[in-house]
Protein chains: 2
Amino acid sequence: MVYSPRHMKWWGWGDVDATFNSDAHPSFWPYAKSQLGIEREAPPMPPVRLEAVHLPEPTINHHFVAALRSTMYAQQICDARLERVIHAYGKGFRDLFRLRHGSAEGAPDLVVYPENESDVLATLRAAADHDVVVIPFGGGSNIAGCLERTETRRMTVSLDMRRMRRMLAVDSESFTARVEAGIFGPDLEEQLNAHGITLGHFPDSFLHSTLGGWIATRSAGMQSDKYGKIEDMVVALRMVTPEGVLATRSVPKSSNGIDVNHLCIGSEGTLGVITEATMRVHRRPESRVVPAFLFPDFECGIQAMRECARRECMPAMARLNDPDKTALSLAFKPASSQVSQVVNKIFKHYLRAKGFDLPRTCLMLTAFEGPSVDVARRSRDAGSIYRRFGGISMGPSAGKSFESTKYDFPHIRDYLLERGVTADVSETSTVWSNIAPLYHAAIRAIRDGVLESGVAPWTGCHISHSYRCGASLYFTFGFVQNLGREMEQYLKVKRAAQQSFIDHGATLSHHHAVGTEHLPWLAADISPLGVKAVAAIKRGLDPGNNMNPGRLRPSADPFKEWSRIGSLPPVDSKNKAASF
Amino acid sequence: MVYSPRHMKWWGWGDVDATFNSDAHPSFWPYAKSQLGIEREAPPMPPVRLEAVHLPEPTINHHFVAALRSTMYAQQICDARLERVIHAYGKGFRDLFRLRHGSAEGAPDLVVYPENESDVLATLRAAADHDVVVIPFGGGSNIAGCLERTETRRMTVSLDMRRMRRMLAVDSESFTARVEAGIFGPDLEEQLNAHGITLGHFPDSFLHSTLGGWIATRSAGMQSDKYGKIEDMVVALRMVTPEGVLATRSVPKSSNGIDVNHLCIGSEGTLGVITEATMRVHRRPESRVVPAFLFPDFECGIQAMRECARRECMPAMARLNDPDKTALSLAFKPASSQVSQVVNKIFKHYLRAKGFDLPRTCLMLTAFEGPSVDVARRSRDAGSIYRRFGGISMGPSAGKSFESTKYDFPHIRDYLLERGVTADVSETSTVWSNIAPLYHAAIRAIRDGVLESGVAPWTGCHISHSYRCGASLYFTFGFVQNLGREMEQYLKVKRAAQQSFIDHGATLSHHHAVGTEHLPWLAADISPLGVKAVAAIKRGLDPGNNMNPGRLRPSADPFKEWSRIGSLPPVDSKNKAASF
């Protein structure tokens, strides 16, 4: 039996046995309730049982299945209920809400587990020959709607890449590693670490996402300020398409016309399947420090980050929370001893004495890593820049607390969904001069969107990744659901957030992909001719439109399509009985 | 009258009144003669007079010309002999050899000078409507054959962008500048410097090339180690195509599907015309130092550069010459005083005492720039790495001498062409582990290619740009011409160089573009499916194949086409009489 990393739970984030431990974060739920105006608490609503999930009747193309069976083992081809449900969606609000309520209309008809490039090629060729749809699947962590089927006419296959996880070559002289694309974050880092190297890519989804998924969606890790986004790390790759294999060379830079690596990066499964990549790697850092700072307000923190960019003195990571996200972070802190409560009081007193207005105070988490001497220098230099903008060092404990829980945050959403609260995120990026205006506009748009539905909004934002010319803004929002109108309510808020980005000069997403969730804004972002160019590549490499259709190409009426995706299907009595 | 920067001389490199001053470099020609085995010197052969250049009869599409005249001023549309000859070619060996001998079959039928984006759009629309070919033209410095016409059936227009040179916006808070694409290097830097900023892009062609040309060819500046290649500097751009305008947003990073900036970057005029770009800029460096070093051999120097990459301690520039290029550099030095001759002797003595074998010694020029404190630190840290690999500091004079003449090198070729010597370059890049094997293979291939023609080869190489995972190798070669078979002789050598790159895992060019010169190796470099993908974009944005046809798409028999381009046309008595 081939080893495959485990799937996440089908109804939520993370391993099947992992949940949000509210006892370890005793202030969180009281904080959330007070913010969201929850007075009377209903009992938590568990998801429906697996058996009760409504799965559409599979569309089976027997010629296609026969072709697969002639080249692959039986255990590579699965049509079990659990497999179909697991591969129905990613982990966006729409995805989880539907699954929890027993709807899996996005499910594929079959799941295929290739074990090498030939398997992928055979699957894609068979799909092209028999007019079958293929949706590449990495860890299934995507929250932009990249993974669900968008049509029912053709048989649809989810191509799960997790068995292609070999380290093919490490060139330690050149700091490159050639790796199969189905490898998960922890597995990849463990294998690289054995050579004394790291990729340096740690997205929030690190535990549950794959190299191929990162590349196909232009992912960003927490330390992108130092190591770059995934598109900056790709040296070469191979992508299997219905027309054959696109392969590039391991060279640091080239002038060989249009850079075809960049046709594959961000292609979101619409052209083919990335089967392997040669990545730029780094020595494992000799040293790492994670100081945290408080700023008197958001604007001061932004100015401090910008000054670090201007002075070529950026940390490996800098996450600046706005006041609401700061309050959430403090509420999320583990249970504290009486001693630390006293320390906290003293610290608050100190802040007030320093002129801090506590409700406006912003927490910034940073990380510096690399050769010890550089880390010492840079953290000192950045620290002195932060102080110039009113920053106060909090010492290492806040940073360490973040480090220990950095991959746990997505679990909160499941906890909230169980309690009738919708929570999701929208993120973008813009140039420094536009950060403050965009921030205010987006917060206003989201809050207005929530208020329209008659409930109290919770909104927060953090600056998550910074660059020489700008930064990304990551908005989180939550609100009590309008029972029976949850999806409509969500769509209004999500639409308001995305529209505010586009109206204010920003991009539709900094690192979450377009998928179906952000598709209506694509033409405004990359211009109609940009969309046309992408469609032209698609026609060239996937003339039968077999690869992940319905993405990167907005329809004539994109918002209609957008509102439809993720709506619960018309209620029939059987489904209803099963779900509730 | 609209200001336009001057054109280079039509028969060679640089301004009409600039030449290589051999008196200032008295050792150069004796060195070259001894290396190339020139015993009896023939008198220099000047190029033919302009009036004697054979220009093909223009193909005129009157409907197209009428459409242009209806939207543009008369002085924007030129069919003068000088204009046609200037726009016939770039500045590669093939280009200059043909022009010097009076052949301009690559000349366009008309030259158009747009003054704004509407002019460009009008020209491209008219070209599409009337089946006319458009070749975008920046400074005309390209040496890969990007600029000459490749077909005679359709009317062909050279679209010279030099009048579109406005600085449209500087966002000094975000370190971005939005600039029209026809701006030349010195003009751009002067305007940016007035704001205290720099682009940091200084290719060898800096004086005679444009922003749009840099982007369309994936150019690299001397300080790319610090500032990146041009593709790393583009934040947003606008490209006019026959199908309309592709425009992207000024955002630092995005996850909006396939990055359409990268469809335009490197497109070599085959899709459209880049009319403006928003570029990442930097504070002007507070400090700059240019130390030079000698290494006991090439391998030690390479190892030292790699170690700097590994330790995240790279200079802004590091140019490591192999022994032959080192000898050429020393021969190129300005006339030295008797005192400095004595100093040189003492220094040589010192090197021998240090165990240096002089014929194997390699010169490395470096530059460090940025905030003063960083420059001091980094140059010290890099210097100590160099010493660990046997490097000896030469002090600042060699570096300063390079700085003062850094844009003069291309003039040498004209000087040599006048003396019956062919000289040109081929450059590539590869990963660190492959640098030494590639170097030896390419030198051998070039030397064998020259020897086959019965003359002595001169070859040299320098490592010109370095990256975390590898570096570029820049080969220079020269040899005495086989009279009457100069082009055939050149083609054999050039082919040997390029083939050795591809055979040894490297790329066809690091920063000179594909053009016609490197086209036969494109499919091997980016894979046949990569070529197909590029062709698909072309079909989508330029369905009439009006934009710079014959590039980025190898024909069925690419070497046949390749050998034909640049051959002198069949000699007719009129042409011959005119030319010689």
# chains A, B, ... in the order shown; residues from 1 in each chain; ligands from 1
>>> residues_around(residues="Ile197 in chain B", least_positions_apart="4", cutoff="6 Å", atoms="only C-alpha atoms", output="list in words")
Leu192, Asn193, His282, Arg283 and Arg284 of chain B
>>> select_by_dssp(residues="range 404-512 of chain A", states="strand (DSSP E or B)", output="ChimeraX atom specification")
/A:421-431,458-466,470-480
>>> interface_residues(of="chain B", to="chain A", cutoff="7 Å", atoms="only C-alpha atoms", output="ChimeraX atom specification")
/B:173-176,217-218,244-260,262-263,265-268,280,429-433,467,469-471,506-514,525-527,529-530,532-533,536-537,540-541,552
>>> closest_residue(among="A:Ser379, A:Ser567, A:Gln481, A:Thr59", to="Glu151 in chain A", atoms="only C-alpha atoms")
A:Thr59
>>> residues_around(residues="Pro5 in chain A", least_positions_apart="2", cutoff="10 Å", atoms="only C-alpha atoms", output="MDAnalysis selection string")
chainID A and resid 2:3 7:8 139 162:163 165 182:184 187 208
>>> residues_around(residues="Tyr439 in chain B", least_positions_apart="6", cutoff="9 Å", atoms="only C-alpha atoms", output="PyMOL selection string")
chain B and resi 461+473+475
>>> write_last_selection(atoms="N, CA and C atoms", output="mmCIF file, in the first residue's frame")
data_model
loop_
_atom_site.group_PDB
_atom_site.id
_atom_site.type_symbol
_atom_site.label_atom_id
_atom_site.label_comp_id
_atom_site.auth_asym_id
_atom_site.auth_seq_id
_atom_site.Cartn_x
_atom_site.Cartn_y
_atom_site.Cartn_z
ATOM 1 N N CYS B 461 35.407 34.761 -21.166
ATOM 2 C CA CYS B 461 34.107 34.617 -20.501
ATOM 3 C C CYS B 461 34.135 35.418 -19.214
ATOM 4 N N LEU B 473 26.750 33.227 -17.590
ATOM 5 C CA LEU B 473 28.088 33.190 -18.191
ATOM 6 C C LEU B 473 28.016 33.936 -19.512
ATOM 7 N N PHE B 475 30.019 34.892 -22.795
ATOM 8 C CA PHE B 475 31.173 34.535 -23.624
ATOM 9 C C PHE B 475 31.387 35.577 -24.715
#
>>> residues_around(residues="Gly212 in chain A", least_positions_apart="3", cutoff="6 Å", atoms="only C-alpha atoms", output="ChimeraX atom specification")
/A:181-182,215,274
>>> select_by_dssp(residues="range 423-558 of chain A", states="alpha helix (DSSP H)", output="count of residues only")
59
>>> atom_distance(atom1="CA of Val157 in chain A", atom2="CA of Pro242 in chain A")
14.2 Å
